[in-house]
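*Asks:* input.csv is reproduced in full below (CSV, C-alpha atoms).
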chain,number,residue,atom,x,y,z
J,1,MET,CA,-25.0,-14.8,9.4
J,2,ASP,CA,-21.4,-15.8,10.3
J,3,VAL,CA,-20.3,-19.1,11.8
J,4,THR,CA,-20.3,-17.8,15.4
J,5,ARG,CA,-23.8,-16.4,15.1
J,6,PHE,CA,-25.1,-19.6,13.5
J,7,PHE,CA,-23.6,-21.7,16.2
J,8,LEU,CA,-25.0,-19.6,19.0
J,9,VAL,CA,-28.4,-19.5,17.4
J,10,PHE,CA,-28.4,-23.3,16.9
J,11,VAL,CA,-27.4,-23.9,20.6
J,12,LEU,CA,-30.0,-21.5,21.9
J,13,LEU,CA,-32.8,-22.9,19.7
J,14,TYR,CA,-31.8,-26.4,20.6
J,15,SER,CA,-31.8,-25.7,24.3
J,16,ALA,CA,-35.0,-23.7,24.1
J,17,TRP,CA,-37.0,-26.1,21.9
J,18,PRO,CA,-38.0,-28.6,24.6
J,19,SER,CA,-39.4,-26.0,27.0
J,20,ALA,CA,-41.2,-24.2,24.2
J,21,SER,CA,-42.8,-27.4,23.0
J,22,ALA,CA,-43.8,-28.4,26.6
J,23,GLN,CA,-45.4,-25.0,27.2
J,24,ASP,CA,-47.3,-24.9,23.9
J,25,PRO,CA,-47.2,-27.9,21.6
J,26,ASP,CA,-49.6,-26.2,19.2
J,27,LEU,CA,-47.4,-23.3,18.1
J,28,SER,CA,-48.0,-22.3,14.4
J,29,ASP,CA,-45.2,-21.9,12.0
J,30,ALA,CA,-45.6,-18.2,12.0
J,31,GLU,CA,-45.4,-18.0,15.8
J,32,LEU,CA,-42.3,-20.2,15.8
J,33,GLU,CA,-40.6,-18.1,13.2
J,34,LYS,CA,-41.4,-15.0,15.2
J,35,GLN,CA,-39.8,-16.5,18.3
J,36,ILE,CA,-36.7,-17.5,16.3
J,37,ALA,CA,-36.4,-14.0,14.9
J,38,GLU,CA,-36.6,-12.5,18.4
J,39,MET,CA,-33.9,-15.0,19.6
J,40,GLU,CA,-31.6,-14.1,16.7
J,41,LYS,CA,-32.1,-10.3,17.4
J,42,GLN,CA,-31.2,-10.9,21.1
J,43,ILE,CA,-28.1,-12.9,20.2
J,44,GLU,CA,-27.0,-10.3,17.6
J,45,GLY,CA,-27.3,-7.5,20.2
J,46,GLU,CA,-25.2,-9.5,22.7
J,47,LEU,CA,-22.6,-10.1,20.0
J,48,LEU,CA,-22.4,-6.4,19.2
J,49,GLN,CA,-21.9,-5.6,22.8
J,50,GLU,CA,-19.2,-8.3,23.2
J,51,TYR,CA,-17.3,-7.6,20.0
J,52,SER,CA,-16.5,-4.1,18.8
J,53,ALA,CA,-17.7,-3.3,15.3
J,54,TRP,CA,-14.5,-1.4,14.6
J,55,ASP,CA,-11.1,-2.9,14.1
J,56,PHE,CA,-8.1,-0.5,14.2
J,57,SER,CA,-4.4,-1.0,13.4
J,58,THR,CA,-1.5,1.5,13.4
J,59,ASN,CA,1.9,1.4,11.7
J,60,LEU,CA,5.0,3.4,12.5
J,61,ARG,CA,7.8,3.8,10.0
J,62,LEU,CA,11.4,4.9,10.7
J,63,GLY,CA,14.2,5.0,8.2
J,64,GLY,CA,16.3,7.1,6.0
J,65,GLY,CA,18.1,7.1,2.7
J,66,TYR,CA,19.7,9.2,-0.1
J,67,LYS,CA,18.2,11.3,-2.9
J,68,GLU,CA,20.0,12.4,-6.0
J,69,ASN,CA,18.7,15.7,-7.4
J,70,VAL,CA,16.4,16.7,-4.6
J,71,THR,CA,15.3,19.8,-6.4
J,72,MET,CA,14.4,17.8,-9.6
J,73,SER,CA,16.3,20.5,-11.6
J,74,ALA,CA,17.7,20.4,-15.1
J,75,PHE,CA,20.7,22.6,-14.3
J,76,ALA,CA,21.3,23.0,-10.5
J,77,ASP,CA,20.7,19.6,-8.9
J,78,GLU,CA,21.3,19.1,-5.1
J,79,SER,CA,21.7,15.7,-3.5
J,80,SER,CA,21.4,14.8,0.1
J,81,GLY,CA,20.9,12.1,2.7
J,82,PHE,CA,17.6,12.2,4.7
J,83,ALA,CA,15.8,10.8,7.7
J,84,ALA,CA,12.2,9.7,7.2
J,85,THR,CA,9.4,9.0,9.6
J,86,GLY,CA,5.7,8.1,8.9
J,87,PHE,CA,2.7,6.4,10.2
J,88,ASP,CA,-0.5,4.9,9.0
J,89,VAL,CA,-3.8,4.4,10.8
J,90,ILE,CA,-6.6,2.2,9.5
J,91,GLY,CA,-10.0,1.5,11.0
J,92,MET,CA,-12.6,-0.9,9.5
J,93,ARG,CA,-16.2,-1.4,10.5
J,94,LEU,CA,-17.9,-4.5,9.3
J,95,PRO,CA,-21.6,-4.4,8.6
J,96,LEU,CA,-22.7,-6.3,11.8
J,97,ASP,CA,-25.8,-4.3,12.5
J,98,ASP,CA,-29.0,-3.7,10.6
J,99,SER,CA,-27.7,-0.7,8.6
J,100,GLY,CA,-25.4,-3.0,6.5
J,101,VAL,CA,-22.9,-0.2,6.1
J,102,GLU,CA,-19.2,-1.1,5.8
J,103,ALA,CA,-16.8,1.8,6.7
J,104,THR,CA,-13.1,2.3,6.3
J,105,ILE,CA,-11.0,5.2,7.6
J,106,PHE,CA,-7.4,5.5,6.6
J,107,GLY,CA,-4.9,8.1,7.6
J,108,ALA,CA,-1.2,8.5,6.6
J,109,PHE,CA,1.6,11.0,7.2
J,110,ASP,CA,5.2,11.0,5.9
J,111,ASP,CA,8.0,13.4,6.8
J,112,ARG,CA,11.4,13.5,5.1
J,113,ARG,CA,14.2,15.7,6.5
J,114,TYR,CA,17.2,16.4,4.3
J,115,PHE,CA,20.7,16.8,5.8
J,116,ASP,CA,22.6,18.7,3.0
J,117,ALA,CA,20.2,20.2,0.4
J,118,PRO,CA,20.4,24.0,0.7
J,119,SER,CA,17.1,24.6,-1.3
J,120,VAL,CA,15.0,22.0,0.4
J,121,ASP,CA,14.9,21.4,4.1
J,122,MET,CA,12.0,18.9,4.2
J,123,GLU,CA,9.1,17.3,2.4
J,124,GLN,CA,5.8,16.2,3.9
J,125,THR,CA,2.7,14.4,2.7
J,126,GLY,CA,-0.6,13.6,4.4
J,127,LEU,CA,-3.8,11.7,3.6
J,128,ILE,CA,-7.1,11.1,5.3
J,129,ASN,CA,-9.7,8.9,3.5
J,130,ALA,CA,-13.1,7.8,4.6
J,131,ALA,CA,-14.9,5.2,2.6
J,132,LEU,CA,-18.5,3.8,2.9
J,133,GLU,CA,-20.1,0.9,1.2
J,134,LYS,CA,-23.7,-0.3,1.4
J,135,SER,CA,-25.5,-3.0,-0.5
J,136,LEU,CA,-28.8,-2.1,-2.0
J,137,GLY,CA,-30.3,-5.5,-2.6
J,138,LYS,CA,-28.4,-8.2,-4.5
J,139,SER,CA,-27.5,-6.2,-7.6
J,140,TRP,CA,-26.6,-2.7,-6.4
J,141,LEU,CA,-23.8,-1.3,-4.3
J,142,LEU,CA,-23.5,2.3,-3.2
J,143,LYS,CA,-20.0,3.7,-2.3
J,144,ALA,CA,-18.6,7.0,-1.3
J,145,ASP,CA,-15.0,8.3,-0.7
J,146,LEU,CA,-14.2,11.5,1.1
J,147,ARG,CA,-10.5,12.4,0.8
J,148,LEU,CA,-8.2,15.1,2.2
J,149,ILE,CA,-4.6,15.3,0.8
J,150,TYR,CA,-1.8,17.6,2.1
J,151,ILE,CA,1.5,18.2,0.3
J,152,ASP,CA,4.6,20.2,1.1
J,153,GLU,CA,7.1,18.9,-1.5
J,154,MET,CA,8.9,19.4,-4.8
J,155,PHE,CA,6.4,19.5,-7.6
J,156,ASP,CA,6.8,19.6,-11.4
J,157,ALA,CA,4.3,22.2,-12.6
J,158,SER,CA,5.7,22.5,-16.1
J,159,LEU,CA,3.1,20.2,-17.6
J,160,THR,CA,0.2,22.6,-17.2
J,161,GLU,CA,2.0,25.9,-16.6
J,162,ASP,CA,4.8,26.9,-19.1
J,163,ASP,CA,6.3,29.7,-17.0
J,164,ILE,CA,6.7,27.6,-13.8
J,165,GLY,CA,9.0,24.7,-13.6
J,166,THR,CA,9.8,22.5,-10.6
J,167,VAL,CA,9.1,24.2,-7.3
J,168,GLN,CA,8.4,23.3,-3.7
J,169,VAL,CA,4.7,23.9,-3.1
J,170,VAL,CA,2.3,23.7,-0.2
J,171,GLY,CA,-1.2,22.6,-1.0
J,172,LYS,CA,-4.2,20.6,0.1
J,173,GLN,CA,-7.0,18.9,-1.8
J,174,VAL,CA,-10.5,18.0,-0.7
J,175,SER,CA,-12.4,15.5,-2.9
J,176,LEU,CA,-15.7,13.6,-2.8
J,177,GLU,CA,-16.3,10.6,-5.0
J,178,PRO,CA,-19.7,8.8,-4.6
J,179,ALA,CA,-20.3,5.7,-6.8
J,180,LEU,CA,-23.1,3.4,-7.8
J,181,ARG,CA,-22.3,-0.1,-9.0
J,182,TRP,CA,-24.7,-2.4,-10.8
J,183,ASN,CA,-23.7,-6.1,-10.5
J,184,LEU,CA,-24.7,-8.0,-13.6
J,185,PRO,CA,-24.8,-11.7,-14.5
J,186,GLY,CA,-21.5,-13.4,-15.2
J,187,ASN,CA,-19.5,-11.4,-12.6
J,188,THR,CA,-19.8,-8.3,-14.8
J,189,TRP,CA,-20.7,-4.9,-13.5
J,190,LEU,CA,-21.2,-1.2,-14.5
J,191,GLU,CA,-20.2,1.7,-12.3
J,192,LEU,CA,-21.1,5.4,-12.3
J,193,LYS,CA,-18.8,7.7,-10.3
J,194,PRO,CA,-19.4,11.5,-10.1
J,195,GLU,CA,-16.5,13.4,-8.6
J,196,VAL,CA,-15.7,16.8,-7.3
J,197,SER,CA,-12.4,18.2,-5.8
J,198,ARG,CA,-11.1,21.5,-4.6
J,199,GLN,CA,-7.3,22.1,-4.8
J,200,TYR,CA,-5.7,24.9,-2.8
J,201,PHE,CA,-2.1,25.9,-3.5
J,202,ALA,CA,0.3,28.5,-2.0
J,203,GLU,CA,1.9,30.8,-4.5
J,204,PRO,CA,3.1,30.6,-7.2
J,205,LEU,CA,0.5,28.0,-8.2
J,206,ASP,CA,-3.2,28.8,-8.6
J,207,ASP,CA,-6.2,27.2,-6.9
J,208,TYR,CA,-8.7,25.3,-9.0
J,209,LEU,CA,-12.0,23.4,-8.8
J,210,GLU,CA,-12.5,20.1,-10.7
J,211,ALA,CA,-15.8,18.4,-11.3
J,212,GLY,CA,-16.9,15.6,-13.6
J,213,GLY,CA,-17.5,11.9,-13.6
J,214,ARG,CA,-16.4,8.5,-14.7
J,215,VAL,CA,-18.3,5.5,-16.2
J,216,ALA,CA,-16.6,2.1,-15.9
J,217,ALA,CA,-17.5,-1.5,-16.9
J,218,GLY,CA,-15.6,-4.6,-15.8
J,219,ILE,CA,-15.6,-8.3,-15.0
J,220,ASP,CA,-14.4,-10.1,-11.9
J,221,TYR,CA,-12.8,-13.5,-12.4
J,222,GLY,CA,-10.4,-16.0,-11.0
J,223,TYR,CA,-8.9,-15.3,-7.6
J,224,ARG,CA,-10.4,-11.9,-7.2
J,225,SER,CA,-8.9,-10.7,-10.5
J,226,GLU,CA,-10.5,-7.8,-12.4
J,227,LEU,CA,-10.5,-6.3,-15.8
J,228,LEU,CA,-12.2,-2.9,-16.5
J,229,VAL,CA,-12.4,-0.2,-19.0
J,230,TYR,CA,-13.5,3.4,-18.3
J,231,GLY,CA,-14.2,6.8,-19.7
J,232,SER,CA,-14.2,10.0,-17.7
J,233,GLN,CA,-14.8,13.7,-18.3
J,234,VAL,CA,-13.5,16.4,-15.8
J,235,GLU,CA,-13.4,20.1,-16.1
J,236,ARG,CA,-10.8,22.1,-14.2
J,237,ASP,CA,-11.6,25.8,-13.5
J,238,TYR,CA,-8.7,28.0,-12.2
J,239,ASP,CA,-9.4,30.9,-9.8
J,240,THR,CA,-7.2,33.6,-11.3
J,241,ARG,CA,-5.2,32.2,-14.3
J,242,SER,CA,-5.6,33.9,-17.7
J,243,GLN,CA,-5.8,32.4,-21.1
J,244,ARG,CA,-2.8,32.6,-23.6
J,245,ASP,CA,-3.0,33.2,-27.3
J,246,GLU,CA,-1.4,30.9,-29.9
J,247,ILE,CA,2.1,32.3,-29.3
J,248,GLY,CA,1.8,32.2,-25.5
J,249,PHE,CA,1.1,35.9,-24.6
J,250,TYR,CA,-1.3,36.5,-21.7
J,251,MET,CA,-4.9,37.6,-22.6
J,252,PRO,CA,-6.1,40.0,-20.0
J,253,ASP,CA,-9.6,39.8,-18.5
J,254,THR,CA,-10.0,36.1,-19.5
J,255,GLU,CA,-10.6,33.0,-17.4
J,256,LEU,CA,-8.7,29.7,-17.9
J,257,SER,CA,-10.3,26.3,-17.6
J,258,TYR,CA,-9.3,22.8,-18.9
J,259,ASP,CA,-11.5,20.0,-20.3
J,260,ARG,CA,-9.8,16.7,-19.5
J,261,PRO,CA,-11.5,13.7,-21.1
J,262,GLU,CA,-9.7,10.4,-20.4
J,263,ARG,CA,-10.2,6.8,-21.3
J,264,GLY,CA,-8.3,3.7,-20.3
J,265,LEU,CA,-8.2,0.2,-19.0
J,266,GLU,CA,-7.0,-1.5,-15.8
J,267,TRP,CA,-6.2,-5.2,-15.4
J,268,THR,CA,-5.4,-6.8,-12.1
J,269,HIS,CA,-4.6,-10.5,-12.2
J,270,TYR,CA,-3.8,-12.9,-9.4
J,271,TRP,CA,-2.0,-16.0,-10.5
J,272,ASP,CA,-2.7,-18.3,-7.5
J,273,ALA,CA,-5.5,-19.0,-5.0
J,274,ASN,CA,-3.5,-17.5,-2.1
J,275,ARG,CA,-3.0,-14.3,-4.1
J,276,LYS,CA,0.8,-14.4,-3.6
J,277,VAL,CA,1.6,-13.3,-7.1
J,278,ARG,CA,-0.2,-10.3,-8.6
J,279,MET,CA,0.2,-8.5,-11.9
J,280,ARG,CA,-1.4,-5.0,-12.5
J,281,THR,CA,-1.4,-3.1,-15.8
J,282,ARG,CA,-2.9,0.3,-16.4
J,283,PHE,CA,-3.1,2.3,-19.7
J,284,SER,CA,-4.8,5.6,-20.3
J,285,ILE,CA,-5.1,8.4,-22.8
J,286,LEU,CA,-5.9,12.0,-21.6
J,287,GLU,CA,-6.6,15.0,-23.8
J,288,ASN,CA,-6.0,18.3,-22.0
J,289,GLN,CA,-8.0,21.1,-23.8
J,290,ASP,CA,-7.9,24.7,-22.6
J,291,SER,CA,-10.8,27.1,-22.9
J,292,GLY,CA,-8.9,29.6,-25.1
J,293,ALA,CA,-6.7,29.4,-28.2
J,294,GLY,CA,-5.4,25.9,-27.3
J,295,TYR,CA,-2.0,27.0,-26.0
J,296,PHE,CA,-2.1,24.5,-23.1
J,297,ASP,CA,-3.6,21.6,-25.2
J,298,TYR,CA,-1.7,18.3,-25.1
J,299,ARG,CA,-2.2,14.6,-25.4
J,300,ARG,CA,-0.9,12.3,-22.7
J,301,GLU,CA,-0.5,8.5,-23.0
J,302,ARG,CA,0.4,6.7,-19.8
J,303,LEU,CA,1.3,3.1,-19.2
J,304,SER,CA,2.2,1.4,-15.9
J,305,HIS,CA,3.0,-2.3,-15.1
J,306,ASN,CA,3.5,-3.8,-11.7
J,307,TRP,CA,4.4,-7.2,-10.2
J,308,ARG,CA,4.1,-8.2,-6.6
J,309,ILE,CA,5.5,-11.5,-5.4
J,310,GLN,CA,5.1,-12.8,-1.8
J,311,VAL,CA,7.2,-15.8,-0.6
J,312,ALA,CA,7.0,-15.7,3.2
J,313,PRO,CA,8.7,-14.0,4.9
J,314,TYR,CA,9.7,-11.9,1.8
J,315,SER,CA,7.7,-9.7,-0.5
J,316,PHE,CA,9.0,-8.1,-3.7
J,317,SER,CA,7.3,-5.4,-5.8
J,318,ALA,CA,8.5,-3.8,-9.1
J,319,THR,CA,6.7,-1.0,-11.1
J,320,ILE,CA,7.6,0.6,-14.4
J,321,ARG,CA,5.9,3.6,-15.8
J,322,LYS,CA,6.0,5.6,-19.1
J,323,ALA,CA,4.1,8.7,-20.1
J,324,THR,CA,4.4,10.8,-23.2
J,325,TYR,CA,3.2,14.3,-23.7
J,326,ASP,CA,2.6,15.9,-27.1
J,327,TYR,CA,1.6,19.6,-27.2
J,328,GLU,CA,-0.4,21.1,-30.0
J,329,LEU,CA,0.9,24.7,-30.0
J,330,GLN,CA,3.8,25.0,-27.6
J,331,ARG,CA,7.1,25.0,-29.3
J,332,SER,CA,10.5,23.2,-28.7
J,333,ALA,CA,13.7,25.1,-27.9
J,334,ASP,CA,14.5,25.6,-31.6
J,335,PHE,CA,10.9,26.8,-32.4
J,336,PHE,CA,10.7,24.4,-35.4
J,337,ASN,CA,8.9,21.6,-33.6
J,338,GLN,CA,6.0,21.1,-31.2
J,339,ARG,CA,7.0,20.5,-27.6
J,340,PHE,CA,7.1,17.0,-26.4
J,341,ARG,CA,8.4,15.1,-23.3
J,342,THR,CA,8.7,11.5,-22.2
J,343,ASP,CA,8.6,10.5,-18.5
J,344,ARG,CA,10.0,7.2,-17.4
J,345,SER,CA,10.1,5.8,-13.9
J,346,ILE,CA,10.9,2.6,-12.0
J,347,GLU,CA,10.2,1.6,-8.4
J,348,LEU,CA,11.6,-1.5,-6.6
J,349,ALA,CA,10.7,-2.6,-3.1
J,350,LEU,CA,11.8,-5.5,-1.0
J,351,GLU,CA,10.3,-6.4,2.4
J,352,TYR,CA,11.2,-8.9,5.1
J,353,GLU,CA,8.6,-9.7,7.6
J,354,HIS,CA,10.4,-10.5,10.8
J,355,ASN,CA,7.2,-11.2,12.8
J,356,ASP,CA,3.6,-10.1,12.8
J,357,HIS,CA,4.6,-6.7,14.0
J,358,LEU,CA,8.0,-5.8,12.5
J,359,THR,CA,8.9,-5.5,8.8
J,360,PHE,CA,12.2,-4.4,7.3
J,361,GLN,CA,12.0,-2.5,3.9
J,362,LEU,CA,14.4,-1.6,1.1
J,363,GLY,CA,13.4,0.7,-1.8
J,364,PHE,CA,14.7,2.2,-5.0
J,365,GLU,CA,13.0,4.8,-7.2
J,366,GLN,CA,14.2,6.6,-10.3
J,367,GLU,CA,12.4,9.0,-12.6
J,368,SER,CA,13.9,10.6,-15.8
J,369,ILE,CA,12.4,13.2,-18.1
J,370,GLN,CA,13.4,13.6,-21.7
J,371,SER,CA,12.2,16.6,-23.7
J,372,ASN,CA,13.0,18.9,-26.6
J,373,VAL,CA,12.8,21.8,-24.1
J,374,PRO,CA,16.0,21.6,-22.1
J,375,GLN,CA,14.5,23.1,-18.9
J,376,ASP,CA,12.0,20.2,-18.8
J,377,GLU,CA,14.7,17.5,-18.5
J,378,TYR,CA,15.9,16.1,-15.2
J,379,ARG,CA,16.5,12.8,-13.4
J,380,TYR,CA,16.4,11.8,-9.7
J,381,ARG,CA,17.0,8.7,-7.8
J,382,VAL,CA,16.0,7.7,-4.2
J,383,PHE,CA,17.5,4.9,-2.1
J,384,THR,CA,15.6,4.1,1.1
J,385,ALA,CA,15.9,1.7,4.1
J,386,SER,CA,13.3,1.6,6.8
J,387,LEU,CA,11.5,-0.6,9.4
J,388,ASP,CA,7.7,-0.8,9.8
J,389,TRP,CA,6.3,-1.5,13.3
J,390,GLU,CA,2.6,-2.4,13.6
J,391,PHE,CA,1.0,-2.0,17.0
Please, can you express the file's structure as structure tokens?
*Replies:*
Amino acid sequence: MDVTRFFLVFVLLYSAWPSASAQDPDLSDAELEKQIAEMEKQIEGELLQEYSAWDFSTNLRLGGGYKENVTMSAFADESSGFAATGFDVIGMRLPLDDSGVEATIFGAFDDRRYFDAPSVDMEQTGLINAALEKSLGKSWLLKADLRLIYIDEMFDASLTEDDIGTVQVVGKQVSLEPALRWNLPGNTWLELKPEVSRQYFAEPLDDYLEAGGRVAAGIDYGYRSELLVYGSQVERDYDTRSQRDEIGFYMPDTELSYDRPERGLEWTHYWDANRKVRMRTRFSILENQDSGAGYFDYRRERLSHNWRIQVAPYSFSATIRKATYDYELQRSADFFNQRFRTDRSIELALEYEHNDHLTFQLGFEQESIQSNVPQDEYRYRVFTASLDWEF
């Protein structure tokens, strides 16, 4: 019961107590508790009518910038200025009624229009996510996420397809991720999360289905900080792709799938009670194993580290990432070594909150790829400036 409900219940009971006592001074404890429960239910109904259970907010973004190597190409880069628009919508429903279900709906869409890139006119991304949470007693929490993602942008497909490099693709993904969390003593917990997703791509990429699950264990501490470790197993089944032999030749009348076991840790640490300074580190190891001779097998190690600092009215965020890919059978350009690549990226963002509704933003992003296969290598940079209006 929140403070408002408690206050109203107290006032109502206080005002009703004399009349109730005068009418029947011999009320039993059970009868009195029944009357109190009826009053609470009546007040709760009035509160739900007076206050909407849903709270919505919308953000509109307008801006622009400049991107070096729009095509993410190793040999024919194109650079261009662009105009960018986007919006976010978020709705939250607190568990005010008897169901005890907390719901969140989030939607986002971003559109980028290039002025002088002959091969790329625009890029678009969209996201709709619906999340539900319900407590099952004191120790169990049931969660579910339903997600729809849309992309129309430059995409590096060379990691899992050796004959396709960086191309502009159109695709959408539908995924469902239910989860069951068991809260244990000492702010520790265990979580089981099955997951299934369906990816649809326009040519030249192939559609696929992914299914699997993740088991995680963690501890909550400090100012809502969290440390967790996890292990996951996902299988990706392609609709039409064929297997390759050890050299890389197609094997007709075969079906290609990947087993993708992954393990890792995530650490989110807040340094102060107001959570103005946050540090987040993630590390994972993934083993991609194909269903054939192992031509697409590789090992990926990925590390990311982020800092966010808020000193009103400013907010600063910095993220660095590194990922290495070591292939088992695929060869380098000289055919004497196995193929490998290293991806490095950095993102910087500065925000100035002019008031409760208007925020100015500056951003910088760079990603560079190094590899012993020349067509894998590229670098791009993005400079952005925008304003965000919440209404």
*Asks:* With distances taken over all atoms listed in the file, which residue among J:Val277, J:Ala74, J:Ala83, J:Ile90 lies nearest Phe106 in chain J?
*Replies:*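 When distances to Phe106 in chain J are compared using all atoms listed in the file, the smallest one comes from J:Ile90.
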*Asks:* How many Å lie between CA of Ser284 in chain J and CA of Pro261 in chain J, rounded to one decimal?
*Replies:*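 CA of Pro261 in chain J lies 10.5 Å from CA of Ser284 in chain J.
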*Asks:* Give me, please, the distance in Å between CA of Arg280 in chain J and CA of Ala323 in chain J, quoted to one decimal.
*Replies:*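 Value for the CA of Arg280 in chain J-CA of Ala323 in chain J distance: 16.6 Å.
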*Asks:* Using only C-alpha atoms, which of the listed residues (J:Arg344, J:Arg263, J:Arg331, J:His305) sits closest to Gly248 in chain J?
*Replies:*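 Answer, going by the shortest atom-to-atom distance: J:Arg331.
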*Asks:* Could you name the residues that touch range 227-241 of chain J at 8 Å or less, counting all atoms listed in the file, but leaving out those on the same chain fewer than 4 positions away, as a VMD selection string?
*Replies:* chain J and resid 206 to 220 255 to 268
*Asks:* Now that the selection is made, can you save its residues with C-alpha atoms as a CSV table (one decimal), in the frame of the given file?
*Replies:*
chain,number,residue,atom,x,y,z
J,206,ASP,CA,-3.2,28.8,-8.6
J,207,ASP,CA,-6.2,27.2,-6.9
J,208,TYR,CA,-8.7,25.3,-9.0
J,209,LEU,CA,-12.0,23.4,-8.8
J,210,GLU,CA,-12.5,20.1,-10.7
J,211,ALA,CA,-15.8,18.4,-11.3
J,212,GLY,CA,-16.9,15.6,-13.6
J,213,GLY,CA,-17.5,11.9,-13.6
J,214,ARG,CA,-16.4,8.5,-14.7
J,215,VAL,CA,-18.3,5.5,-16.2
J,216,ALA,CA,-16.6,2.1,-15.9
J,217,ALA,CA,-17.5,-1.5,-16.9
J,218,GLY,CA,-15.6,-4.6,-15.8
J,219,ILE,CA,-15.6,-8.3,-15.0
J,220,ASP,CA,-14.4,-10.1,-11.9
J,255,GLU,CA,-10.6,33.0,-17.4
J,256,LEU,CA,-8.7,29.7,-17.9
J,257,SER,CA,-10.3,26.3,-17.6
J,258,TYR,CA,-9.3,22.8,-18.9
J,259,ASP,CA,-11.5,20.0,-20.3
J,260,ARG,CA,-9.8,16.7,-19.5
J,261,PRO,CA,-11.5,13.7,-21.1
J,262,GLU,CA,-9.7,10.4,-20.4
J,263,ARG,CA,-10.2,6.8,-21.3
J,264,GLY,CA,-8.3,3.7,-20.3
J,265,LEU,CA,-8.2,0.2,-19.0
J,266,GLU,CA,-7.0,-1.5,-15.8
J,267,TRP,CA,-6.2,-5.2,-15.4
J,268,THR,CA,-5.4,-6.8,-12.1
*Asks:* Using all atoms listed in the file for the distances, tell me which of J:Arg147, J:Arg244, J:His269, J:Arg93 is nearest to Trp54 in chain J.
*Replies:*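 Closest to Trp54 in chain J, using all atoms listed in the file: J:Arg93.
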*Asks:* Taking (-1.5, 15.6, 1.1) in the file's coordinates as the center, which residues reach within 6 Å of it, counting all atoms listed in the file, put as JSON, numbers by chain?
*Replies:* {"J": [125, 126, 127, 149, 150, 151, 172]}
*Asks:* For a test of reading the model, state the distance in Å between CA of Pro204 in chain J and CA of Val169 in chain J, rounded to one decimal.
*Replies:* 8.0 Å
*Asks:* So which residues fall inside 7 Å of (-26.6, -4.9, 3.9) if we count only C-alpha atoms? Mind giving them as number ranges by chain?
*Replies:* J: 95, 99-101, 134-136
*Asks:* May I have the residues within 10 Å of His357 in chain J as a PyMOL selection string, using all atoms listed in the file and disregarding those fewer than 4 positions away in the same chain?
*Replies:* chain J and resi 59+353+388-391
*Asks:* Rank J:Glu177, J:Asp343, J:Asp253, J:Glu203 by their smallest atom-to-atom distance to Asp376 in chain J, using all atoms listed in the file, and report the top residue only.
*Replies:*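 Checking each of J:Glu177, J:Asp343, J:Asp253, J:Glu203 against Asp376 in chain J, counting all atoms listed in the file, the winner is J:Asp343.
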*Asks:* For Ser79 in chain J, which of J:Arg381, J:Thr160, J:Glu191, J:Leu387 is the closest residue, counting all atoms listed in the file?
*Replies:*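 Residue with the minimum atom-to-atom distance to Ser79 in chain J: J:Arg381.
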*Asks:* Atoms are missing here; could range 70-81 of chain J be completed with N, CA and C atoms and written as a PDB file, in the coordinates of the input?
*Replies:*
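Output contents, as saved in result_18.pdb:
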ATOM      1  N   VAL J  70      17.530  16.400  -5.408  1.00  0.00           N
ATOM      2  CA  VAL J  70      16.400  16.700  -4.600  1.00  0.00           C
ATOM      3  C   VAL J  70      15.454  17.714  -5.193  1.00  0.00           C
ATOM      4  N   THR J  71      16.038  18.711  -5.870  1.00  0.00           N
ATOM      5  CA  THR J  71      15.300  19.800  -6.400  1.00  0.00           C
ATOM      6  C   THR J  71      14.630  19.459  -7.788  1.00  0.00           C
ATOM      7  N   MET J  72      14.902  18.257  -8.329  1.00  0.00           N
ATOM      8  CA  MET J  72      14.400  17.800  -9.600  1.00  0.00           C
ATOM      9  C   MET J  72      14.656  18.921 -10.679  1.00  0.00           C
ATOM     10  N   SER J  73      15.910  19.341 -10.729  1.00  0.00           N
ATOM     11  CA  SER J  73      16.300  20.500 -11.600  1.00  0.00           C
ATOM     12  C   SER J  73      17.086  19.965 -12.782  1.00  0.00           C
ATOM     13  N   ALA J  74      16.953  20.709 -13.883  1.00  0.00           N
ATOM     14  CA  ALA J  74      17.700  20.400 -15.100  1.00  0.00           C
ATOM     15  C   ALA J  74      19.113  20.945 -15.052  1.00  0.00           C
ATOM     16  N   PHE J  75      19.382  21.962 -14.214  1.00  0.00           N
ATOM     17  CA  PHE J  75      20.700  22.600 -14.300  1.00  0.00           C
ATOM     18  C   PHE J  75      21.372  22.750 -12.920  1.00  0.00           C
ATOM     19  N   ALA J  76      20.642  22.737 -11.813  1.00  0.00           N
ATOM     20  CA  ALA J  76      21.300  23.000 -10.500  1.00  0.00           C
ATOM     21  C   ALA J  76      20.758  21.921  -9.513  1.00  0.00           C
ATOM     22  N   ASP J  77      21.180  20.679  -9.723  1.00  0.00           N
ATOM     23  CA  ASP J  77      20.700  19.600  -8.900  1.00  0.00           C
ATOM     24  C   ASP J  77      21.440  19.634  -7.516  1.00  0.00           C
ATOM     25  N   GLU J  78      20.732  19.208  -6.483  1.00  0.00           N
ATOM     26  CA  GLU J  78      21.300  19.100  -5.100  1.00  0.00           C
ATOM     27  C   GLU J  78      20.952  17.676  -4.640  1.00  0.00           C
ATOM     28  N   SER J  79      21.947  17.011  -4.052  1.00  0.00           N
ATOM     29  CA  SER J  79      21.700  15.700  -3.500  1.00  0.00           C
ATOM     30  C   SER J  79      21.997  15.652  -2.043  1.00  0.00           C
ATOM     31  N   SER J  80      21.294  14.754  -1.332  1.00  0.00           N
ATOM     32  CA  SER J  80      21.400  14.800   0.100  1.00  0.00           C
ATOM     33  C   SER J  80      20.893  13.459   0.710  1.00  0.00           C
ATOM     34  N   GLY J  81      21.457  13.110   1.849  1.00  0.00           N
ATOM     35  CA  GLY J  81      20.900  12.100   2.700  1.00  0.00           C
ATOM     36  C   GLY J  81      19.672  12.631   3.424  1.00  0.00           C
TER      37      GLY J  81
END
